[in-house]
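Peer 1: Supplied in structure tokens, the structure appears directly below.
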Amino acid sequence: MEINDTSPRADPADRLTLFAAGSNADAATDGIPPGLAAALRDNPAEALRSISGPFALSLQQACGRSLIAVDRFAVQTLCYRVVNGALRVAQRADNLADADTEIDPQAIFDYLFFHCIPSPRTIYKGVFRLPPAHFAVLEHGQLRVERYWTPEFREEGGRSFDALRDQFRELLKRAVRRQLDGSKAACYLSGGTDSSTIAGMIGQAGARPAATYSIGFEAQGYDEMAFARIAATRFGTEHHEYYVTPDDLVRSIGDVATHFDQPFGNSSALPAYYCARMARADGVTRLLAGDGGDELFGGNSRYAKQRVFGWYQHLPAPLRSGLVQPLLERSPLGRLPGLRKATSYVGQAKVPMPDRLHMYNLLLRLGTADVLTPAFLASVDTQGPLHQQREVWGQSGAVNEVNRTLAYDWRYTLAESDLPKVRLSAQLADVTVGFPFLDQDLVDFSLGLPTDHKLRGLKLRWFFKEALRGFLPDEIITKRKQGFGLPFGVWLVTHAPLKKLATESLHSLAGRDIVRREFISDLLQRRLADHPAYYGEMVWILMMLEQ
């Protein structure tokens, strides 16, 4: 939609366009300050920092200057390419590709590494996606891309727990209220702390109790429906459930894969789609989601794990390099059964962040040369992902490692994976999504929390859970995190139609000279049977690439 700028400094020939991914056009402009077009002309970074909430915008100025920008988490996205000196813009990368546009091999490698294609790259050569909190300007034939916001973590002490708790609960309630658009109030409900909190806060925000939508699986270790029911009972929600089956996957994998504008390998997109589809059939047009709670308040298990590795750096350097490492890594003692874990610990702990995270990467653990063909490897930079991750790590604006990791996850876990997963799977079901935890006031509150309120010792999201104790059921506060995890690998070895779809997809992919045929055969015939859950993830990633 185009927005008229009526400020005295506005040029009437300037065109400010807001890309809105929702049915409520008026709500989409709530965070846009008056006089924005003129402010963007004078000081774009400062003007963009004044916008609250999700946005994607384009400003075409009478002087020929073009500017595009997206919000701090890229809840709304914009892709662009320069054609004959002009900036072309679309919300989807495939809308900017034509018959002559080539696929970018580096993007394929990045997909296999990250299970998505992180911005600014897209699957198409010459087509780019704006990273979160960035803007691009094309002027006099020159394009520049700049960051306009970096989180500023600050340790604000001196406030009592009770005061912080009361402020936090009030901010949560306001954030939820801002995301409700007057239609039927509804949310995803996995049974975890975040979605349960949103479900409860909808009632507190002045709406009637939420309509909640939950997905289950008939697979041991994957189903969390019992916790969703606990939350639904506590908050008196209008609760709805659907059990996803292997047959559902066979029917919908192709539809979901092709709805995304480029390869996307987060398998929970399928259950998220079925959840949104169930809600749409019930008359819901907007769902609230709990994404962001873990990344703002310290809820992912790797935060505690990386803290344990960080303890090693507290040993004096001469002790580490002169005694511990030679003893464990360069002597037979390190291979003794009782010391193998210590040797593994030291091997990981001495690797700095974010490089240490690569030690768990599926592609690297399988071996890039064993997975990918020599011809494909010769066409890509296998160190490209690491170089980008180091750059993002260095831009975090945080001093301590916990907050650095949080900011790092805002980019890779939220902006590049979880948010597009939820947004696009809901879009396929004709539903829009709101993310209350990404409300600017809540984000600012999290930036000021002391680090030990996020990770106290090895206790994840300590403040979040304690602040909601008595509001959330105790069973949900103490449960292990899971979400809408898909038992794809487990089903793959028992459900013939699903295995047929996956096998045909991978054998088709083998003909593209990207993945080695012998790896695909070994993956399907031997590895998958040995460990369905672990190797099923690689089958899924390759299948979705081909689909």
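How things are named: the first chain in the structure tokens is A, the next is B, and so on; residues count from 1 in each chain; ligands count from 1 in the order shown.
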Can you list, as number ranges by chain, every protein, DNA or RNA residue that comes within 12 Å of segment 462-465 of chain A when you count only C-alpha atoms, leaving out same-chain residues fewer than 5 positions away?
Peer 2: A: 160-162, 164-169, 172, 192-194, 196-197, 293-300, 304, 437, 442, 445-446, 449-457, 470-479
Peer 1: Write out as a list in words the residues lying within 10 Å of segment 236-238 of chain A, counting only C-alpha atoms and excluding same-chain residues fewer than 4 positions away.
Peer 2: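 Everything that qualifies: Ala186, Ala199, Gly200, Ile202, Gly203, Arg208, Pro209, Ala210, Ala211, Thr212, Tyr213, Arg229, Ile230, Ala231 and Ala232 of chain A.
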Peer 1: Given only C-alpha atoms as the basis, pick out the residue of A:Asp370, A:Glu416, A:Asp441, A:Glu518 nearest to Pro118 of chain A.
Peer 2: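 Once distances to Pro118 of chain A are computed over only C-alpha atoms, the minimum belongs to A:Glu416.
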Peer 1: If we count only C-alpha atoms and set the cut-off at 9 Å, which residues sit around segment 47-62 of chain A, ignoring sequence neighbours fewer than 4 positions away in its own chain? Please answer as JSON, numbers by chain.
Peer 2: {"A": [11, 12, 13, 14, 15, 16, 17, 18, 19, 20, 28, 29, 30, 31, 32, 33, 36, 37, 39, 40, 41, 42, 43, 66, 67, 68, 69, 70, 71, 72, 73, 74, 75, 76, 77, 78, 89, 91, 133, 135, 148, 149, 438, 439, 440]}
Peer 1: Save the residues we just selected, N, CA and C atoms, as a tab-separated table (two decimals), in the first residue's frame?
Peer 2:
chain	number	residue	atom	x	y	z
A	11	ASP	N	8.22	15.77	-0.31
A	11	ASP	CA	8.10	16.05	-1.74
A	11	ASP	C	6.89	15.27	-2.24
A	12	PRO	N	5.90	15.94	-2.81
A	12	PRO	CA	4.68	15.23	-3.23
A	12	PRO	C	4.95	14.17	-4.29
A	13	ALA	N	6.11	14.24	-4.95
A	13	ALA	CA	6.42	13.25	-5.98
A	13	ALA	C	7.10	12.01	-5.41
A	14	ASP	N	7.48	12.06	-4.13
A	14	ASP	CA	8.06	10.88	-3.49
A	14	ASP	C	6.97	9.84	-3.25
A	15	ARG	N	7.31	8.56	-3.45
A	15	ARG	CA	6.33	7.48	-3.25
A	15	ARG	C	6.84	6.54	-2.17
A	16	LEU	N	6.16	6.54	-1.03
A	16	LEU	CA	6.49	5.63	0.08
A	16	LEU	C	5.50	4.47	0.05
A	17	THR	N	6.01	3.27	-0.13
A	17	THR	CA	5.17	2.07	-0.21
A	17	THR	C	5.47	1.17	0.97
A	18	LEU	N	4.41	0.75	1.66
A	18	LEU	CA	4.53	-0.18	2.77
A	18	LEU	C	4.02	-1.53	2.31
A	19	PHE	N	4.86	-2.55	2.43
A	19	PHE	CA	4.46	-3.91	2.07
A	19	PHE	C	3.86	-4.56	3.31
A	20	ALA	N	2.57	-4.83	3.27
A	20	ALA	CA	1.87	-5.37	4.43
A	20	ALA	C	1.45	-6.80	4.16
A	28	ALA	N	-1.34	-2.04	9.90
A	28	ALA	CA	0.01	-2.12	9.35
A	28	ALA	C	0.74	-0.79	9.41
A	29	THR	N	0.01	0.32	9.53
A	29	THR	CA	0.64	1.65	9.57
A	29	THR	C	0.78	2.19	10.98
A	30	ASP	N	0.37	1.42	11.99
A	30	ASP	CA	0.37	1.94	13.35
A	30	ASP	C	1.76	2.38	13.81
A	31	GLY	N	2.79	1.63	13.41
A	31	GLY	CA	4.13	1.96	13.88
A	31	GLY	C	4.87	2.94	13.00
A	32	ILE	N	4.23	3.46	11.95
A	32	ILE	CA	4.88	4.36	11.01
A	32	ILE	C	4.69	5.79	11.46
A	33	PRO	N	5.75	6.51	11.84
A	33	PRO	CA	5.59	7.90	12.31
A	33	PRO	C	5.27	8.83	11.15
A	36	LEU	N	7.57	10.35	7.62
A	36	LEU	CA	8.63	9.36	7.47
A	36	LEU	C	9.42	9.55	6.17
A	37	ALA	N	8.71	9.85	5.08
A	37	ALA	CA	9.41	9.97	3.79
A	37	ALA	C	10.48	11.05	3.85
A	39	ALA	N	11.96	12.19	6.55
A	39	ALA	CA	13.00	11.76	7.48
A	39	ALA	C	13.93	10.74	6.83
A	40	LEU	N	13.37	9.84	6.02
A	40	LEU	CA	14.19	8.85	5.32
A	40	LEU	C	15.14	9.51	4.33
A	41	ARG	N	14.70	10.60	3.76
A	41	ARG	CA	15.55	11.33	2.82
A	41	ARG	C	16.73	11.98	3.54
A	42	ASP	N	16.48	12.50	4.75
A	42	ASP	CA	17.51	13.26	5.47
A	42	ASP	C	18.46	12.36	6.25
A	43	ASN	N	17.91	11.39	6.99
A	43	ASN	CA	18.74	10.50	7.83
A	43	ASN	C	18.06	9.14	7.92
A	66	SER	N	16.42	5.56	-4.67
A	66	SER	CA	15.54	4.49	-4.19
A	66	SER	C	16.06	3.97	-2.86
A	67	LEU	N	15.14	3.72	-1.92
A	67	LEU	CA	15.50	3.18	-0.60
A	67	LEU	C	14.52	2.07	-0.23
A	68	ILE	N	15.03	0.99	0.30
A	68	ILE	CA	14.19	-0.09	0.83
A	68	ILE	C	14.70	-0.46	2.20
A	69	ALA	N	13.82	-1.00	3.06
A	69	ALA	CA	14.21	-1.35	4.42
A	69	ALA	C	13.25	-2.38	4.99
A	70	VAL	N	13.74	-3.16	5.97
A	70	VAL	CA	12.90	-4.11	6.70
A	70	VAL	C	13.13	-3.94	8.20
A	71	ASP	N	12.23	-4.51	8.98
A	71	ASP	CA	12.26	-4.34	10.43
A	71	ASP	C	13.45	-5.06	11.07
A	72	ARG	N	13.54	-4.93	12.38
A	72	ARG	CA	14.72	-5.38	13.11
A	72	ARG	C	14.91	-6.89	13.11
A	73	PHE	N	13.82	-7.64	12.93
A	73	PHE	CA	13.92	-9.10	12.90
A	73	PHE	C	13.55	-9.67	11.53
A	74	ALA	N	13.30	-8.80	10.57
A	74	ALA	CA	12.85	-9.24	9.24
A	74	ALA	C	11.61	-10.12	9.35
A	75	VAL	N	10.69	-9.72	10.23
A	75	VAL	CA	9.38	-10.37	10.25
A	75	VAL	C	8.74	-10.21	8.89
A	76	GLN	N	8.85	-9.00	8.33
A	76	GLN	CA	8.49	-8.76	6.94
A	76	GLN	C	9.78	-8.72	6.12
A	77	THR	N	9.76	-9.27	4.93
A	77	THR	CA	10.98	-9.36	4.15
A	77	THR	C	10.85	-8.64	2.82
A	78	LEU	N	12.00	-8.27	2.26
A	78	LEU	CA	12.06	-7.68	0.94
A	78	LEU	C	13.26	-8.25	0.20
A	89	VAL	N	11.97	-4.56	-6.63
A	89	VAL	CA	11.71	-5.03	-5.27
A	89	VAL	C	10.50	-5.96	-5.27
A	91	GLN	N	8.51	-9.09	-2.34
A	91	GLN	CA	8.60	-9.79	-1.06
A	91	GLN	C	9.11	-11.21	-1.22
A	133	ALA	N	17.10	-5.57	10.11
A	133	ALA	CA	17.64	-4.29	10.59
A	133	ALA	C	18.57	-3.65	9.58
A	135	PHE	N	18.94	-1.53	5.57
A	135	PHE	CA	18.31	-0.81	4.47
A	135	PHE	C	19.28	-0.76	3.30
A	148	TYR	N	20.97	-0.43	10.27
A	148	TYR	CA	20.52	0.77	10.97
A	148	TYR	C	20.31	0.55	12.46
A	149	TRP	N	20.35	-0.71	12.92
A	149	TRP	CA	20.12	-0.98	14.35
A	149	TRP	C	20.97	-2.14	14.81
A	438	LEU	N	8.30	-10.33	20.03
A	438	LEU	CA	9.19	-9.43	19.30
A	438	LEU	C	8.72	-7.98	19.36
A	439	ASP	N	7.74	-7.71	20.20
A	439	ASP	CA	7.31	-6.33	20.45
A	439	ASP	C	8.50	-5.51	20.92
A	440	GLN	N	8.63	-4.30	20.40
A	440	GLN	CA	9.83	-3.51	20.67
A	440	GLN	C	10.02	-3.24	22.16
Peer 1: Residues within 9 Å of Asp291 of chain A, please, as a PDB file with N, CA and C atoms, in the first residue's frame. Count only C-alpha atoms; anything in the same chain fewer than 6 positions from it doesn't count.
Peer 2:
ATOM      1  N   ASP A 194       6.401 -20.677  25.967  1.00  0.00           N
ATOM      2  CA  ASP A 194       6.099 -19.489  25.167  1.00  0.00           C
ATOM      3  C   ASP A 194       4.671 -19.491  24.654  1.00  0.00           C
ATOM      4  N   SER A 195       4.268 -20.558  23.983  1.00  0.00           N
ATOM      5  CA  SER A 195       2.914 -20.589  23.428  1.00  0.00           C
ATOM      6  C   SER A 195       1.870 -20.605  24.539  1.00  0.00           C
ATOM      7  N   LEU A 414      15.930 -16.976  14.474  1.00  0.00           N
ATOM      8  CA  LEU A 414      14.660 -16.268  14.258  1.00  0.00           C
ATOM      9  C   LEU A 414      14.507 -15.783  12.822  1.00  0.00           C
ATOM     10  N   ASP A 418      13.013 -19.573  11.931  1.00  0.00           N
ATOM     11  CA  ASP A 418      11.725 -19.764  12.606  1.00  0.00           C
ATOM     12  C   ASP A 418      10.644 -18.806  12.114  1.00  0.00           C
ATOM     13  N   LEU A 419      10.990 -17.537  11.905  1.00  0.00           N
ATOM     14  CA  LEU A 419       9.963 -16.584  11.475  1.00  0.00           C
ATOM     15  C   LEU A 419       9.445 -16.878  10.074  1.00  0.00           C
ATOM     16  N   VAL A 422       7.094 -20.001  10.211  1.00  0.00           N
ATOM     17  CA  VAL A 422       5.736 -19.777  10.722  1.00  0.00           C
ATOM     18  C   VAL A 422       4.944 -18.893   9.757  1.00  0.00           C
ATOM     19  N   PHE A 435       3.744 -11.888  16.295  1.00  0.00           N
ATOM     20  CA  PHE A 435       4.780 -12.401  17.195  1.00  0.00           C
ATOM     21  C   PHE A 435       4.924 -11.452  18.385  1.00  0.00           C
ATOM     22  N   PRO A 436       4.123 -11.628  19.434  1.00  0.00           N
ATOM     23  CA  PRO A 436       4.153 -10.687  20.561  1.00  0.00           C
ATOM     24  C   PRO A 436       5.505 -10.564  21.241  1.00  0.00           C
ATOM     25  N   PHE A 437       6.291 -11.654  21.308  1.00  0.00           N
ATOM     26  CA  PHE A 437       7.571 -11.576  22.005  1.00  0.00           C
ATOM     27  C   PHE A 437       8.561 -10.654  21.289  1.00  0.00           C
ATOM     28  N   LEU A 438       8.303 -10.327  20.030  1.00  0.00           N
ATOM     29  CA  LEU A 438       9.192  -9.429  19.298  1.00  0.00           C
ATOM     30  C   LEU A 438       8.715  -7.985  19.355  1.00  0.00           C
TER      31      LEU A 438
END
Peer 1: Quick one: DSSP alpha helix (DSSP H) residues in segment 54-211 of chain A, as a ChimeraX atom specification?
Peer 2: /A:105-114,161-179,193-204
Peer 1: Between A:Val443, A:Leu486, A:Leu362, A:Leu130, which residue has the minimum interatomic distance to Asp223 of chain A, considering only C-alpha atoms?
Peer 2: A:Leu486
Peer 1: From the list A:Leu501, A:Ala429, A:Val137, A:Cys79, which residue is nearest Ala281 of chain A when using only C-alpha atoms?
Peer 2: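 Looking only at the distances to Ala281 of chain A, the closest residue turns out to be A:Ala429.
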Peer 1: Just the strand (DSSP E or B) stuff from segment 289-468 of chain A, please, per backbone DSSP, written as a ChimeraX atom specification.
Peer 2: /A:372,432-434,455-456,459-460
Peer 1: What lies within 9 Å of Met543 of chain A using only C-alpha atoms, ignoring chain neighbours under 2 positions off, as a PDB file with N, CA and C atoms, in the first residue's frame?
Peer 2:
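Heads up, here's the output in result-v1.pdb:
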ATOM      1  N   GLY A 265      14.529 -25.963   4.808  1.00  0.00           N
ATOM      2  CA  GLY A 265      14.644 -27.304   5.354  1.00  0.00           C
ATOM      3  C   GLY A 265      14.207 -27.496   6.789  1.00  0.00           C
ATOM      4  N   LEU A 501       8.299 -41.447  -1.625  1.00  0.00           N
ATOM      5  CA  LEU A 501       8.436 -40.043  -1.997  1.00  0.00           C
ATOM      6  C   LEU A 501       9.854 -39.553  -1.736  1.00  0.00           C
ATOM      7  N   ALA A 502      10.378 -39.880  -0.553  1.00  0.00           N
ATOM      8  CA  ALA A 502      11.726 -39.429  -0.206  1.00  0.00           C
ATOM      9  C   ALA A 502      12.769 -40.069  -1.115  1.00  0.00           C
ATOM     10  N   THR A 503      12.630 -41.356  -1.367  1.00  0.00           N
ATOM     11  CA  THR A 503      13.607 -42.067  -2.195  1.00  0.00           C
ATOM     12  C   THR A 503      13.619 -41.521  -3.615  1.00  0.00           C
ATOM     13  N   GLU A 504      12.436 -41.312  -4.178  1.00  0.00           N
ATOM     14  CA  GLU A 504      12.366 -40.771  -5.533  1.00  0.00           C
ATOM     15  C   GLU A 504      12.951 -39.351  -5.591  1.00  0.00           C
ATOM     16  N   SER A 505      12.692 -38.558  -4.570  1.00  0.00           N
ATOM     17  CA  SER A 505      13.227 -37.195  -4.542  1.00  0.00           C
ATOM     18  C   SER A 505      14.752 -37.215  -4.503  1.00  0.00           C
ATOM     19  N   LEU A 506      15.331 -38.068  -3.657  1.00  0.00           N
ATOM     20  CA  LEU A 506      16.783 -38.098  -3.514  1.00  0.00           C
ATOM     21  C   LEU A 506      17.468 -38.669  -4.752  1.00  0.00           C
ATOM     22  N   LEU A 509      17.487 -35.942  -7.230  1.00  0.00           N
ATOM     23  CA  LEU A 509      18.527 -34.976  -6.876  1.00  0.00           C
ATOM     24  C   LEU A 509      19.911 -35.484  -7.271  1.00  0.00           C
ATOM     25  N   MET A 538      18.826 -35.374   7.398  1.00  0.00           N
ATOM     26  CA  MET A 538      19.499 -35.140   6.126  1.00  0.00           C
ATOM     27  C   MET A 538      18.625 -35.568   4.954  1.00  0.00           C
ATOM     28  N   VAL A 539      17.867 -36.653   5.116  1.00  0.00           N
ATOM     29  CA  VAL A 539      16.934 -37.042   4.061  1.00  0.00           C
ATOM     30  C   VAL A 539      15.933 -35.929   3.816  1.00  0.00           C
ATOM     31  N   TRP A 540      15.405 -35.352   4.890  1.00  0.00           N
ATOM     32  CA  TRP A 540      14.431 -34.270   4.759  1.00  0.00           C
ATOM     33  C   TRP A 540      15.033 -33.075   4.020  1.00  0.00           C
ATOM     34  N   ILE A 541      16.225 -32.668   4.407  1.00  0.00           N
ATOM     35  CA  ILE A 541      16.867 -31.496   3.806  1.00  0.00           C
ATOM     36  C   ILE A 541      17.071 -31.699   2.311  1.00  0.00           C
ATOM     37  N   LEU A 545      15.040 -29.840  -0.884  1.00  0.00           N
ATOM     38  CA  LEU A 545      15.793 -29.167  -1.934  1.00  0.00           C
ATOM     39  C   LEU A 545      15.278 -29.597  -3.309  1.00  0.00           C
ATOM     40  N   GLU A 546      15.102 -30.890  -3.508  1.00  0.00           N
ATOM     41  CA  GLU A 546      14.617 -31.379  -4.795  1.00  0.00           C
ATOM     42  C   GLU A 546      13.160 -30.986  -5.023  1.00  0.00           C
ATOM     43  N   GLN A 547      12.324 -31.036  -3.993  1.00  0.00           N
ATOM     44  CA  GLN A 547      10.916 -30.679  -4.134  1.00  0.00           C
ATOM     45  C   GLN A 547      10.745 -29.203  -4.493  1.00  0.00           C
TER      46      GLN A 547
END
Peer 1: Would you mind telling me which residue in A:Ser119, A:Ser268, A:Gln306, A:Asn361 lies nearest to Ser190 of chain A when using only C-alpha atoms?
Peer 2: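 Using only C-alpha atoms, Ser190 of chain A sits closest to A:Ser268.
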Peer 1: Which residue is closest to Pro374 of chain A? Choose from A:Asp430, A:Glu155, A:Asp513, A:Glu537 and count only C-alpha atoms.
Peer 2: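 Looking at the shortest contact to Pro374 of chain A, the residue is A:Asp513.
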Peer 1: Which residues, written as number ranges by chain, have at least one atom at most 9 Å from Glu218 of chain A, with only C-alpha atoms counted and residues fewer than 6 positions away on the same chain left out?
Peer 2: A: 243-245, 487
Peer 1: Let's have the selection written as a PDB file, in the first residue's frame, with all heavy atoms.
Peer 2:
ATOM      1  N   TYR A 243      -3.915 -34.442  14.821  1.00  0.00           N
ATOM      2  CA  TYR A 243      -2.768 -35.341  14.802  1.00  0.00           C
ATOM      3  C   TYR A 243      -2.288 -35.507  13.367  1.00  0.00           C
ATOM      4  O   TYR A 243      -2.985 -36.055  12.520  1.00  0.00           O
ATOM      5  CB  TYR A 243      -3.125 -36.689  15.438  1.00  0.00           C
ATOM      6  CG  TYR A 243      -2.915 -36.692  16.930  1.00  0.00           C
ATOM      7  CD1 TYR A 243      -3.824 -36.059  17.781  1.00  0.00           C
ATOM      8  CD2 TYR A 243      -1.783 -37.265  17.487  1.00  0.00           C
ATOM      9  CE1 TYR A 243      -3.620 -36.017  19.148  1.00  0.00           C
ATOM     10  CE2 TYR A 243      -1.571 -37.241  18.853  1.00  0.00           C
ATOM     11  CZ  TYR A 243      -2.482 -36.620  19.683  1.00  0.00           C
ATOM     12  OH  TYR A 243      -2.261 -36.573  21.035  1.00  0.00           O
ATOM     13  N   VAL A 244      -1.085 -35.002  13.108  1.00  0.00           N
ATOM     14  CA  VAL A 244      -0.480 -35.128  11.781  1.00  0.00           C
ATOM     15  C   VAL A 244      -0.054 -36.579  11.561  1.00  0.00           C
ATOM     16  O   VAL A 244       0.483 -37.228  12.465  1.00  0.00           O
ATOM     17  CB  VAL A 244       0.735 -34.184  11.652  1.00  0.00           C
ATOM     18  CG1 VAL A 244       1.476 -34.422  10.337  1.00  0.00           C
ATOM     19  CG2 VAL A 244       0.291 -32.729  11.754  1.00  0.00           C
ATOM     20  N   THR A 245      -0.275 -37.073  10.351  1.00  0.00           N
ATOM     21  CA  THR A 245       0.051 -38.455  10.008  1.00  0.00           C
ATOM     22  C   THR A 245       1.081 -38.487   8.873  1.00  0.00           C
ATOM     23  O   THR A 245       1.275 -37.492   8.166  1.00  0.00           O
ATOM     24  CB  THR A 245      -1.197 -39.218   9.551  1.00  0.00           C
ATOM     25  OG1 THR A 245      -1.622 -38.681   8.276  1.00  0.00           O
ATOM     26  CG2 THR A 245      -2.333 -39.086  10.565  1.00  0.00           C
ATOM     27  N   PRO A 487       8.388 -36.248  13.637  1.00  0.00           N
ATOM     28  CA  PRO A 487       9.037 -37.572  13.677  1.00  0.00           C
ATOM     29  C   PRO A 487       9.264 -38.143  12.279  1.00  0.00           C
ATOM     30  O   PRO A 487       8.920 -39.292  11.989  1.00  0.00           O
ATOM     31  CB  PRO A 487       8.045 -38.411  14.484  1.00  0.00           C
ATOM     32  CG  PRO A 487       6.713 -37.815  14.204  1.00  0.00           C
ATOM     33  CD  PRO A 487       6.958 -36.323  14.032  1.00  0.00           C
TER      34      PRO A 487
END
Peer 1: What does the distance between atom CA of Gln106 of chain A and atom CA of Arg526 of chain A come to in Å, to one decimal place?
Peer 2: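 One can read the atom CA of Gln106 of chain A to atom CA of Arg526 of chain A distance as 28.9 Å.
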Peer 1: Calculate how many Å separate atom CA of Cys275 of chain A from atom CA of Ile215 of chain A, rounding to one decimal.
Peer 2: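 Going from atom CA of Cys275 of chain A over to atom CA of Ile215 of chain A, I get 6.1 Å.
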Peer 1: Under the rule that only C-alpha atoms are counted, which of A:Tyr111, A:Phe153, A:Tyr273, A:Tyr535 is the nearest residue to Ile520 of chain A?
Peer 2: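 Checking each candidate against Ile520 of chain A, we get A:Tyr535 as the closest.
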Peer 1: I'd like the neighbourhood of Arg154 of chain A as a ChimeraX atom specification, where a residue qualifies if any of its atoms comes within 9 Å (using only C-alpha atoms), though same-chain residues fewer than 2 positions away should be ignored.
Peer 2: /A:152,156,398,447-450
Peer 1: Atoms to include: C-alpha atoms. Write the selected residues as a tab-separated table (two decimals), in the first residue's frame.
Peer 2:
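The result, stored in result09.tsv:
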chain	number	residue	atom	x	y	z
A	152	GLU	CA	22.62	-2.59	22.93
A	156	GLU	CA	20.61	-2.72	34.67
A	398	ALA	CA	27.14	-7.56	23.36
A	447	LEU	CA	18.19	-5.96	26.58
A	448	GLY	CA	18.28	-4.46	30.07
A	449	LEU	CA	17.93	-7.70	32.02
A	450	PRO	CA	21.06	-8.83	33.87
Peer 1: What is the distance, in Å and to one decimal place, between atom CA of Gly126 of chain A and atom CA of Arg516 of chain A?
Peer 2: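 Answer for the atom CA of Gly126 of chain A to atom CA of Arg516 of chain A separation: 27.4 Å.
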